[in-house]
Amino acid sequence: MGVIEDQIAEIEDEIRRTQKNKATNAHIGRLKAKIALLRIAREKAGKGGGGGGLGYAVRKSGHATVALVGYPSVGKSTLLTHLTGAESAAAAYEFTTTTIIPGMLSWRGAAVQILDMPGLIPGASKGRGRGREVISVARGADLIFFLLDKDHLEFRSLLAELEQAGIRVNGRPPKIVVTALERGGVEVHSTVKLTKIDIETAQGIAKEFRVHNGSIVFRQDATPDELIDVLAGNRVYIPGILVMNKADLIPASERPAIVARLSPWKPVFVSAQKESGFLELKEAMSEALAFIRVYVKPPGQPPDMAEPVILRKGDSVDSLLKRLPPELGLSFKSALVWGKSARFPGQTVGREHSLADQDIVTVTIQRGA
Ligand SMILES: Nc1nc2c(ncn2[C@@H]2O[C@H](COP(=O)(O)OP(=O)(O)OP(=O)(O)O)[C@@H](O)[C@H]2O)c(=O)[nH]1
Ligand SMILES: [Mg+2]
């Protein structure tokens, strides 16, 4: 264990020993902020000099990327192979997979890249196993499948590993705005009643992040951890789906107990080997990835309804332009939109406009460009 590791362990210990009450809130908040900062330092140190970025050379492709995360031997490689046809060796011993193996799944016109990964075990974020690399790939994914089998129902420790690396599964960015100023101390404002954090704690956490002057505006009843997430700034918010594999080994009578144990998560039961439950899994996947279909209508012609452009909810006209011939992006003037995202049919919009499912879009370009 490194020096940073020791420091983190020491502070975690101090938090455990500290009695939790009103008088110690601010102190605990600052300790948590210190841990967050040390973890950021650890990530930076772990990346080394060479290039940085992903530990593995995986190029994202398709409309979205799904990472398969789970303990060794739960059936990640079997699932990849049966879902996409990509070969990834499966075997009855642990750590069969030692690198990232991609496959492609076509579903309702969308191409989804699935990444098989080495098994993940607790301690991964501290560098155990291939954990660091697995986590860095998961960070870049658009969706995570947590694979379980009946001998590995305890997935919360893996979730904690991802949490420690700044990945917030099924979370949303906290509605907190921090603005740094030159002087005047740190002012705390809120548009809702704060029940989980007090002003002193918020100010103390901000100080740890070197925000000595400025304002913190809470638009939700946030926790100290959520304020730390906003100040740390390197968090990613990724949807996750629990996939209960090897369902062929689970008698129907045992399912309710498993469902109860995993609550409030709702697992999708599949058998990678027998290819059962795949339809439900793909439906859950495409819902989580929130694909939308946008039809392009060349000026003066009917829209091309046969080949929609696949985008994701919240994507803008700019994302659409990236999928069209580059000339359109370069000489872009405006877009005309018909459909749910338009205030009226044929509304003129700019690059920033968010599109909706089934929209029809005409791109107009500058003359002479
Ligand atoms: N009965 C049953 N066995 C399965 C199923 N899926 C996988 N297995 C078996 O479980 C064992 C492990 O499968 P793998 O696909 O290698 O598991 P993995 O998660 O990729 O394992 P690592 O690469 O070591 O992390 C193999 O013996 C598979 O045949 C399933 O749906 N049902
Ligand atoms: Mg494997």
# chains A, B, ... in the order shown; residues from 1 in each chain; ligands from 1
$ residues_near_ligand --ligand "ligand 2" --cutoff "6 Å" --atoms "only C-alpha atoms and all ligand atoms" --output "PDB file with C-alpha atoms, in the first residue's frame"
ATOM      1  CA  LYS A  76     -19.681 -12.149 -18.553  1.00  0.00           C
ATOM      2  CA  SER A  77     -17.809 -13.746 -21.459  1.00  0.00           C
ATOM      3  CA  ALA A  90     -15.397 -18.812 -21.076  1.00  0.00           C
ATOM      4  CA  THR A  96     -10.442 -16.381 -17.450  1.00  0.00           C
ATOM      5  CA  THR A  97     -10.728 -13.040 -19.181  1.00  0.00           C
ATOM      6  CA  PRO A 118     -11.906  -9.169 -16.468  1.00  0.00           C
TER       7      PRO A 118
END
$ select_by_dssp --residues "segment 277-332 of chain A" --states "strand (DSSP E or B)" --output "PDB file with C-alpha atoms, in the first residue's frame"
ATOM      1  CA  PHE A 291     -32.133   6.103 -27.992  1.00  0.00           C
ATOM      2  CA  ILE A 292     -34.112   8.479 -30.150  1.00  0.00           C
ATOM      3  CA  ARG A 293     -34.696   8.353 -33.904  1.00  0.00           C
ATOM      4  CA  VAL A 294     -34.415  11.507 -35.956  1.00  0.00           C
ATOM      5  CA  TYR A 295     -35.403  11.706 -39.643  1.00  0.00           C
ATOM      6  CA  VAL A 296     -33.524  13.964 -42.003  1.00  0.00           C
ATOM      7  CA  VAL A 309     -30.292   8.766 -37.476  1.00  0.00           C
ATOM      8  CA  ILE A 310     -29.948   7.171 -34.046  1.00  0.00           C
ATOM      9  CA  LEU A 311     -29.177   9.662 -31.278  1.00  0.00           C
ATOM     10  CA  ARG A 312     -29.670   9.713 -27.525  1.00  0.00           C
ATOM     11  CA  SER A 316     -28.593  18.360 -29.879  1.00  0.00           C
ATOM     12  CA  PHE A 332     -24.443  25.044 -41.146  1.00  0.00           C
TER      13      PHE A 332
END
$ atom_distance --atom1 "atom CA of Ile4 of chain A" --atom2 "atom CA of Arg39 of chain A"
8.0 Å
$ closest_residue --among "A:Leu148, A:Ala23, A:Ala45, A:Ala202" --to "Tyr71 of chain A" --atoms "only C-alpha atoms"
A:Leu148
$ residues_near_ligand --ligand "ligand 1" --cutoff "7 Å" --atoms "only C-alpha atoms and all ligand atoms" --output "ChimeraX atom specification"
/A:70-79,89-98,117-119,245-249,270-274
$ closest_residue --among "A:Asp359, A:Glu327, A:Glu254, A:Asp225" --to "Ala342 of chain A" --atoms "only C-alpha atoms"
A:Asp359
